[in-house]
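Here is run.txt, consisting of compact mmCIF, C-alpha atoms:
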```txt
# COMPACT_ATOMS: atom_id res chain seq x y z
CA MET A 191 -32.76 -41.33 13.60
CA HIS A 192 -36.54 -41.54 14.02
CA PRO A 193 -37.53 -45.24 13.73
CA HIS A 194 -40.75 -44.54 11.79
CA VAL A 195 -39.36 -42.22 9.12
CA PRO A 196 -37.08 -43.99 6.64
CA LEU A 197 -34.26 -42.11 4.94
CA PRO A 198 -35.25 -41.57 1.29
CA ALA A 199 -33.08 -42.91 -1.51
CA LEU A 200 -30.32 -40.38 -2.09
CA PRO A 201 -28.60 -39.75 -5.44
CA LEU A 202 -24.88 -40.33 -5.76
CA PRO A 203 -22.92 -37.15 -5.03
CA PRO A 204 -21.64 -35.46 -8.20
CA SER A 205 -18.05 -34.39 -8.64
CA TRP A 206 -17.87 -30.61 -8.98
CA PHE A 207 -14.33 -29.31 -8.70
CA PRO A 208 -13.73 -26.93 -11.64
CA GLY A 209 -10.26 -25.90 -12.70
CA HIS A 210 -10.38 -22.51 -10.98
CA MET A 211 -10.73 -24.25 -7.59
CA ASN A 212 -7.66 -26.35 -8.28
CA ARG A 213 -5.71 -23.27 -9.40
CA PHE A 214 -6.54 -21.42 -6.20
CA THR A 215 -5.46 -24.40 -4.10
CA LYS A 216 -2.05 -24.22 -5.79
CA GLN A 217 -1.85 -20.48 -5.09
CA MET A 218 -2.45 -20.86 -1.35
CA PRO A 219 1.20 -21.31 -0.21
CA THR A 220 2.20 -18.00 -1.81
CA LEU A 221 -0.86 -16.23 -0.43
CA LEU A 222 -0.39 -17.57 3.10
CA SER A 223 3.22 -16.35 3.15
CA ARG A 224 1.88 -12.77 3.21
CA THR A 225 -1.32 -13.44 5.17
CA ASP A 226 -1.82 -12.34 8.78
CA VAL A 227 -5.42 -13.47 9.29
CA VAL A 228 -7.25 -16.40 7.69
CA LEU A 229 -10.97 -15.66 7.72
CA GLU A 230 -13.02 -18.74 6.85
CA LEU A 231 -16.71 -18.46 6.07
CA ARG A 232 -19.21 -21.23 6.72
CA ASP A 233 -22.99 -21.36 6.43
CA SER A 234 -24.90 -21.05 9.72
CA ARG A 235 -27.57 -23.42 8.40
CA LEU A 236 -24.94 -26.19 8.04
CA PRO A 237 -22.23 -25.18 10.51
CA LEU A 238 -20.51 -28.57 10.33
CA THR A 239 -21.30 -29.78 6.81
CA SER A 240 -20.06 -26.48 5.33
CA ILE A 241 -16.60 -27.09 6.79
CA ASN A 242 -14.09 -27.78 4.05
CA HIS A 243 -12.05 -30.45 5.80
CA ASN A 244 -9.09 -29.77 3.54
CA PHE A 245 -8.62 -26.57 5.56
CA GLU A 246 -8.65 -28.48 8.86
CA ASP A 247 -5.32 -30.05 9.84
CA ASN A 248 -6.92 -31.52 13.00
CA VAL A 249 -9.54 -33.40 10.97
CA SER A 250 -7.87 -33.96 7.63
CA PRO A 251 -4.10 -34.03 8.26
CA ASP A 252 -3.45 -35.23 4.73
CA GLY A 253 -5.43 -32.39 3.14
CA ILE A 254 -3.23 -30.07 1.07
CA CYS A 255 -4.80 -26.88 2.43
CA GLY A 256 -4.71 -28.26 5.98
CA ARG A 257 -0.97 -28.83 5.70
CA MET A 258 -0.53 -25.29 4.34
CA ILE A 259 -2.40 -23.69 7.23
CA ARG A 260 -0.51 -25.83 9.77
CA LYS A 261 2.80 -24.74 8.19
CA TRP A 262 1.66 -21.11 8.15
CA ARG A 263 0.91 -21.23 11.88
CA ALA A 264 4.21 -22.97 12.64
CA GLU A 265 6.23 -20.41 10.66
CA ARG A 266 4.61 -17.62 12.65
CA GLY A 267 5.24 -19.35 15.96
CA LYS A 268 1.62 -20.17 16.71
CA GLY A 269 0.26 -23.45 18.01
CA THR A 270 -2.43 -24.60 20.41
CA SER A 271 -1.05 -24.15 23.91
CA PRO A 272 -2.68 -23.89 27.33
CA SER A 273 -2.44 -20.09 27.15
CA GLN A 274 -4.53 -20.12 23.99
CA THR A 275 -7.38 -22.23 25.28
CA GLN A 276 -9.56 -19.44 26.68
CA ASP A 277 -12.94 -18.71 25.12
CA ARG A 278 -12.26 -16.25 22.32
CA SER A 279 -15.40 -14.46 21.25
CA VAL A 280 -15.65 -11.49 18.96
CA GLY A 281 -16.91 -9.37 21.81
CA GLY A 282 -13.51 -9.34 23.51
CA SER A 283 -10.05 -8.55 22.28
CA PRO A 284 -7.78 -11.41 21.20
CA PRO A 285 -4.84 -12.12 23.49
CA ALA A 286 -1.93 -9.80 22.90
CA SER A 287 0.91 -11.22 20.86
CA GLU A 288 4.50 -10.94 21.81
CA HIS A 289 5.80 -7.42 21.11
CA GLY A 290 6.84 -7.23 17.47
CA GLY A 291 5.72 -10.80 16.74
CA MET A 292 4.00 -11.85 13.53
CA THR A 293 0.23 -11.70 13.48
CA CYS A 294 -1.39 -15.11 12.98
CA GLU A 295 -5.12 -15.47 13.61
CA ARG A 296 -7.83 -17.84 12.38
CA ILE A 297 -11.38 -16.44 12.36
CA VAL A 298 -14.36 -18.63 11.52
CA VAL A 299 -17.46 -16.66 10.49
CA LEU A 300 -20.74 -18.56 10.48
CA ASN A 301 -22.51 -16.41 7.91
CA LYS A 302 -26.23 -15.98 7.17
CA ARG A 303 -27.16 -16.06 10.85
CA ASP A 304 -30.48 -14.39 9.98
CA LEU A 305 -31.58 -17.76 8.53
CA VAL A 306 -31.20 -19.71 11.81
CA PRO A 307 -32.88 -19.29 15.24
CA ASP A 308 -31.06 -17.10 17.77
CA TRP A 309 -31.33 -19.51 20.70
CA GLY A 310 -28.79 -21.96 19.29
CA MET A 311 -26.01 -19.54 18.36
CA GLU A 312 -24.30 -18.86 21.67
CA PRO A 313 -24.38 -22.51 22.89
CA PHE A 314 -22.92 -23.63 19.55
CA ARG A 315 -20.25 -20.91 19.60
CA ARG A 316 -19.20 -21.88 23.12
CA ALA A 317 -19.13 -25.58 22.22
CA MET A 318 -16.94 -24.87 19.16
CA ALA A 319 -14.65 -22.52 21.10
CA ALA A 320 -14.05 -25.23 23.71
CA ARG A 321 -12.95 -27.68 21.00
CA PHE A 322 -11.11 -25.30 18.66
CA PRO A 323 -9.44 -22.74 20.94
CA GLU A 324 -7.16 -21.53 18.14
CA GLN A 325 -10.20 -20.26 16.20
CA ILE A 326 -12.29 -17.16 16.86
CA ILE A 327 -15.94 -18.11 16.25
CA HIS A 328 -18.37 -15.43 15.07
CA PHE A 329 -21.97 -15.55 13.82
CA ALA A 330 -22.77 -12.86 11.25
CA SER A 331 -25.22 -11.65 8.67
CA CYS A 332 -24.40 -9.13 5.97
CA ASN A 333 -27.86 -7.67 6.55
CA ARG A 334 -27.08 -6.79 10.18
CA ARG A 335 -24.89 -3.72 10.57
CA GLU A 336 -23.99 -4.61 14.16
CA ASP A 337 -22.47 -7.92 12.97
CA ILE A 338 -20.35 -6.15 10.36
CA LYS A 339 -19.30 -3.57 12.95
CA SER A 340 -18.19 -6.21 15.48
CA LEU A 341 -16.21 -8.13 12.85
CA SER A 342 -14.60 -4.95 11.52
CA THR A 343 -13.69 -3.94 15.07
CA LEU A 344 -12.13 -7.35 15.66
CA LEU A 345 -9.92 -7.03 12.56
CA VAL A 346 -8.87 -3.50 13.53
CA ASN A 347 -8.02 -4.62 17.09
CA ILE A 348 -5.89 -7.48 15.75
CA ALA A 349 -4.05 -5.04 13.46
CA LYS A 350 -3.39 -2.65 16.36
CA ARG A 351 -1.72 -5.41 18.38
CA ASN A 352 1.33 -5.10 16.12
CA PRO A 353 1.99 -1.34 15.85
CA HIS A 354 5.25 -1.88 13.94
CA ALA A 355 3.48 -3.56 11.01
CA THR A 356 2.58 -1.13 8.22
CA GLU A 357 -0.50 -3.15 7.21
CA MET A 358 -2.42 -6.34 7.89
CA ASN A 359 -3.54 -8.79 5.19
CA VAL A 360 -6.65 -10.98 5.47
CA LEU A 361 -7.27 -14.05 3.31
CA VAL A 362 -10.96 -14.98 3.01
CA VAL A 363 -11.66 -18.65 2.21
CA GLY A 364 -14.58 -21.05 2.32
CA MET A 365 -16.93 -23.30 0.39
CA PRO A 366 -18.84 -21.91 -2.62
CA ASN A 367 -21.74 -19.52 -2.03
CA VAL A 368 -21.22 -18.97 1.70
CA GLY A 369 -21.17 -15.18 1.17
CA LYS A 370 -17.47 -14.27 0.96
CA SER A 371 -17.82 -11.49 -1.63
CA THR A 372 -20.94 -10.05 0.01
CA LEU A 373 -19.25 -9.93 3.41
CA LEU A 374 -16.17 -8.19 2.02
CA ASN A 375 -18.33 -5.57 0.32
CA ALA A 376 -20.06 -4.95 3.66
CA LEU A 377 -16.77 -4.75 5.62
CA ARG A 378 -15.32 -2.35 3.07
CA SER A 379 -18.43 -0.15 3.17
CA PHE A 380 -18.25 0.02 6.98
CA GLY A 381 -14.47 0.46 7.32
CA ILE A 382 -13.88 3.12 4.66
CA ALA A 383 -15.21 6.60 5.35
CA GLY A 384 -17.55 8.18 2.82
CA ARG A 385 -19.39 6.64 -0.09
CA THR A 386 -17.77 3.33 -1.03
CA PRO A 387 -18.67 1.70 -4.34
CA LYS A 388 -19.32 -2.04 -4.45
CA ALA A 389 -15.93 -3.63 -5.14
CA LEU A 390 -16.93 -7.24 -5.81
CA GLN A 391 -19.63 -8.78 -7.95
CA THR A 392 -21.95 -11.18 -6.14
CA SER A 393 -24.36 -13.88 -7.26
CA ALA A 394 -26.87 -16.29 -5.78
CA GLN A 395 -25.25 -19.07 -7.82
CA PRO A 396 -22.14 -20.88 -6.53
CA GLY A 397 -18.88 -20.56 -8.42
CA HIS A 398 -19.37 -16.94 -9.52
CA THR A 399 -15.97 -15.86 -8.17
CA ARG A 400 -13.45 -17.73 -10.28
CA ALA A 401 -10.20 -15.84 -9.68
CA LEU A 402 -8.30 -14.19 -6.86
CA SER A 403 -9.37 -10.56 -6.45
CA ASN A 404 -7.14 -7.52 -6.23
CA ARG A 405 -6.34 -6.35 -2.73
CA LEU A 406 -9.30 -4.62 -1.11
CA LYS A 407 -8.86 -2.00 1.57
CA LEU A 408 -11.08 -2.77 4.58
CA SER A 409 -9.71 -0.13 6.97
CA GLU A 410 -7.61 3.01 6.63
CA ASP A 411 -6.34 3.37 10.18
CA PRO A 412 -4.82 0.89 10.74
CA LEU A 413 -4.41 -0.35 7.19
CA VAL A 414 -6.23 -3.64 6.67
CA TYR A 415 -6.36 -5.31 3.26
CA SER A 416 -8.12 -8.44 2.07
CA TYR A 417 -8.29 -10.85 -0.85
CA ASP A 418 -11.50 -12.41 -2.10
CA THR A 419 -11.02 -15.97 -3.29
CA PRO A 420 -13.00 -18.57 -5.23
CA GLY A 421 -15.14 -20.90 -3.17
CA VAL A 422 -13.45 -24.31 -2.93
CA MET A 423 -15.57 -27.44 -2.92
CA LEU A 424 -14.32 -30.81 -1.70
CA PRO A 425 -12.91 -32.64 -4.75
CA PHE A 426 -14.99 -35.67 -3.76
CA LEU A 427 -17.95 -35.48 -1.39
CA GLY A 428 -17.61 -39.08 -0.25
CA LYS A 429 -18.76 -42.63 -0.76
CA GLY A 430 -21.97 -44.34 0.31
CA GLU A 431 -24.73 -42.80 2.39
CA GLU A 432 -22.34 -40.39 4.14
CA GLY A 433 -21.20 -38.73 0.93
CA ALA A 434 -24.70 -38.78 -0.61
CA GLU A 435 -26.22 -37.02 2.39
CA ARG A 436 -23.43 -34.43 2.48
CA GLY A 437 -24.02 -33.62 -1.18
CA VAL A 438 -27.78 -33.21 -0.77
CA LYS A 439 -27.33 -30.93 2.25
CA ILE A 440 -24.92 -28.66 0.37
CA ALA A 441 -27.27 -28.59 -2.63
CA LEU A 442 -30.16 -27.48 -0.40
CA ILE A 443 -28.25 -24.32 0.60
CA ALA A 444 -27.24 -23.66 -3.04
CA GLY A 445 -23.61 -24.57 -2.36
CA ILE A 446 -23.21 -26.71 -5.47
CA LYS A 447 -23.88 -26.04 -9.14
CA GLU A 448 -27.59 -25.86 -9.94
CA GLY A 449 -28.82 -28.72 -12.09
CA LEU A 450 -26.57 -31.41 -10.63
CA TYR A 451 -29.42 -32.60 -8.40
CA ASP A 452 -33.03 -33.45 -9.11
CA VAL A 453 -35.39 -31.08 -7.29
CA GLU A 454 -37.67 -33.91 -6.17
CA ALA A 455 -34.76 -35.72 -4.49
CA LEU A 456 -33.85 -32.54 -2.61
CA ALA A 457 -37.47 -31.98 -1.56
CA ALA A 458 -37.78 -35.59 -0.32
CA TYR A 459 -34.67 -35.25 1.84
CA LEU A 460 -35.78 -31.87 3.22
CA LEU A 461 -39.18 -33.35 4.17
CA TYR A 462 -37.39 -36.25 5.87
CA ARG A 463 -35.27 -33.83 7.94
CA LEU A 464 -38.37 -31.90 8.99
CA ASN A 465 -40.13 -35.10 10.04
CA ILE A 466 -37.30 -36.25 12.30
CA LEU A 467 -36.63 -32.78 13.72
CA ASP A 468 -36.40 -32.78 17.49
CA PRO A 469 -38.17 -29.53 18.46
CA ILE A 470 -36.61 -27.69 21.38
CA LEU A 471 -38.56 -24.86 22.97
CA GLU A 472 -36.71 -21.59 23.23
CA ASN A 473 -35.61 -20.94 26.78
CA ASN A 474 -33.20 -18.25 27.87
CA SER A 475 -32.45 -19.75 31.29
CA SER A 476 -28.86 -20.60 32.15
CA ALA A 477 -29.74 -24.26 32.67
CA SER A 478 -31.22 -24.45 29.19
CA ARG A 479 -28.16 -22.80 27.60
CA ASP A 480 -25.83 -25.19 29.40
CA PHE A 481 -27.95 -28.14 28.27
CA MET A 482 -27.87 -26.92 24.68
CA GLU A 483 -24.12 -26.38 24.80
CA GLU A 484 -23.60 -29.91 26.10
CA LYS A 485 -25.91 -31.39 23.47
CA MET A 486 -24.28 -29.43 20.65
CA GLY A 487 -20.84 -30.37 21.93
CA LYS A 488 -21.75 -34.05 21.69
CA CYS A 489 -22.99 -33.51 18.13
CA ILE A 490 -19.73 -31.78 17.20
CA ASP A 491 -17.62 -34.55 18.77
CA GLU A 492 -19.61 -37.27 17.02
CA TYR A 493 -19.41 -35.48 13.68
CA MET A 494 -15.66 -34.91 13.92
CA GLU A 495 -14.95 -38.46 15.07
CA ARG A 496 -17.15 -39.89 12.33
CA THR A 497 -15.54 -37.67 9.71
CA ALA A 498 -12.01 -38.51 10.83
CA GLU A 499 -12.77 -42.25 10.77
CA TYR A 500 -14.52 -41.91 7.41
CA GLU A 501 -11.49 -40.16 5.92
CA ARG A 502 -9.09 -42.65 7.51
CA LEU A 503 -10.93 -45.44 5.69
CA GLY A 504 -10.66 -43.56 2.40
CA GLY A 505 -14.31 -42.55 2.20
CA THR A 506 -13.53 -39.10 0.82
CA VAL A 507 -11.09 -40.27 -1.86
CA SER A 508 -12.51 -41.17 -5.27
CA GLN A 509 -11.15 -43.89 -7.53
CA THR A 510 -9.87 -41.19 -9.88
CA GLN A 511 -7.92 -39.57 -7.04
CA ILE A 512 -6.49 -42.95 -6.02
CA LYS A 513 -5.34 -43.62 -9.60
CA LYS A 514 -3.81 -40.14 -9.82
CA ARG A 515 -1.92 -40.58 -6.53
CA THR A 516 -0.68 -44.01 -7.60
CA TRP A 517 0.55 -42.62 -10.90
CA GLU A 518 2.29 -39.67 -9.20
CA GLU A 519 3.99 -42.01 -6.74
CA LYS A 520 5.12 -44.20 -9.64
CA LEU A 521 6.60 -41.19 -11.46
CA ALA A 522 8.36 -40.09 -8.27
CA ARG A 523 9.92 -43.54 -7.84
CA ARG A 524 11.08 -43.51 -11.47
CA ALA A 525 12.63 -40.05 -11.04
CA ALA A 526 14.40 -41.11 -7.84
CA LYS A 527 15.71 -44.27 -9.53
CA SER A 528 17.01 -42.31 -12.52
CA LYS A 529 18.65 -39.78 -10.22
CA ALA A 530 20.36 -42.55 -8.26
CA LYS A 531 21.65 -44.18 -11.46
CA LEU A 532 23.02 -40.85 -12.70
CA ALA A 533 24.79 -40.23 -9.40
CA ALA A 534 26.27 -43.75 -9.48
CA ARG A 535 27.67 -43.18 -12.98
CA LYS A 536 29.29 -39.91 -11.96
CA ASN A 537 30.85 -41.48 -8.89
CA GLY A 538 31.95 -44.58 -10.85
```
Mind converting the file's structure to structure tokens?
Amino acid sequence: MHPHVPLPALPLPPSWFPGHMNRFTKQMPTLLSRTDVVLELRDSRLPLTSINHNFEDNVSPDGICGRMIRKWRAERGKGTSPSQTQDRSVGGSPPASEHGGMTCERIVVLNKRDLVPDWGMEPFRRAMAARFPEQIIHFASCNRREDIKSLSTLLVNIAKRNPHATEMNVLVVGMPNVGKSTLLNALRSFGIAGRTPKALQTSAQPGHTRALSNRLKLSEDPLVYSYDTPGVMLPFLGKGEEGAERGVKIALIAGIKEGLYDVEALAAYLLYRLNILDPILENNSSASRDFMEEKMGKCIDEYMERTAEYERLGGTVSQTQIKKRTWEEKLARRAAKSKAKLAARKNG
């Protein structure tokens, strides 16, 4: 932090977790049981803050969605092993699965790449790939046909790895307003021959998609289908300065309901970030790219360690969630006690 630029006073993060987000979370186990590829979208402008840690079992092991994805990988015989630790970019084909095995891939798309400078993309992708070898990292923009082509080609190549499967299903997830519906429209337009009508409605406002979509065909040969899903916000953005800053960052990229933040507070924080920005001149030399990768890797490590420690201390759990968990545990104890008494009476 720059010593001469103080952090402005930040508003408390609002709680924005509408019922449709909770409903989708409960639907995930059923959806994952018939999912071959989980495609998670994040925002390139906030590649770390736009991570929903409930999807990450390595950061948030107690997150419901994280447990679901971990179980999904285990059921399909996939885990992080030395053979899976190579750099997996979209440009190359994913490693071949065992003949006849179940497809199980995790693709992370950093969307809206046209809003960030090009020089930082490859170093960041390499730094992420080194730390999350089970994920395929891809920068994309729905306005760039070559990005849609490379992502479509990746999905088709994954589907072709299992020739005995009649189809492949893709589940698209992510935070609100990261561009899930727009990306699916673009993939469908590219993968289906002829004139393809827009299948999904889109909006600049978060929370527009409120229900699971019908299956969308993304490719005809091989058959690739996808579901569009509601964007899922963290139920509680966090306590103290950490949670307040996370909320303001998400609001600045229109990832949270408009009107929950004062515009002046957002402008003050944005000006603060610009004032402490450490400008790095664009340089395409190998030494510069290696330096950037190392620097970004340190930022990723620090962010993940800080987030894990913050969650371990209960920073992302609200008082309402604590009360709800306590009440659920109390009900479970009562049910177990009643069951034990009933069994004792039958045996007696």
For this session: Tell me which of A:Leu374, A:Ile440, A:Ala498, A:Leu202 sits closest to A:Thr419, counting all atoms listed in the file.
Result: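 Closest candidate: A:Leu374.
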Problem set entry | Contacts of A:Glu295 within 7 Å, all atoms listed in the file, excl. fewer than 3 positions in-chain, as a ChimeraX atom specification | /A:226-228
Exercise. Pick the closest to A:Val360 from A:Ile327, A:Leu221, A:Leu450, A:Leu390: which is it, counting all atoms listed in the file?
Worked result: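 Nearest to A:Val360: A:Leu221.
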Exercise. Which one of A:Glu336, A:Glu431, A:Glu495, A:Asp418 sits closest to A:Gly364 if you count all atoms listed in the file?
Worked result: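 Answer, going by the shortest atom-to-atom distance: A:Asp418.
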Exercise. Which value, in Å to one decimal, gives the distance between atom CA of A:Ala383 and atom CA of A:Ser331?
Worked result: 21.1 Å
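The coordinates place atom CA of A:Phe481 at 26.5 Å from atom CA of A:Leu460.
Interatomic distance, atom CA of A:Glu265 to atom CA of A:Arg224: 11.5 Å.
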How close does each residue of stretch 210-238 of chain A get to stretch 444-447 of chain A, giving the shortest atom pair and distance in Å to one decimal for every residue with an atom at most 12 Å away, counting only C-alpha atoms, sorted by chain and residue number, as JSON lines?
```
{"residue": "A:Arg232", "atom": "CA", "partner": "A:Gly445", "partner_atom": "CA", "distance": 10.6}
{"residue": "A:Asp233", "atom": "CA", "partner": "A:Gly445", "partner_atom": "CA", "distance": 9.4}
{"residue": "A:Arg235", "atom": "CA", "partner": "A:Ala444", "partner_atom": "CA", "distance": 11.4}
{"residue": "A:Leu236", "atom": "CA", "partner": "A:Gly445", "partner_atom": "CA", "distance": 10.6}
```
Exercise. Could you name the residues that touch A:Met486 at 8 Å or less, counting all atoms listed in the file, but leaving out those on the same chain fewer than 5 positions away, as a VMD selection string?
Worked result: chain A and resid 313 to 314 317
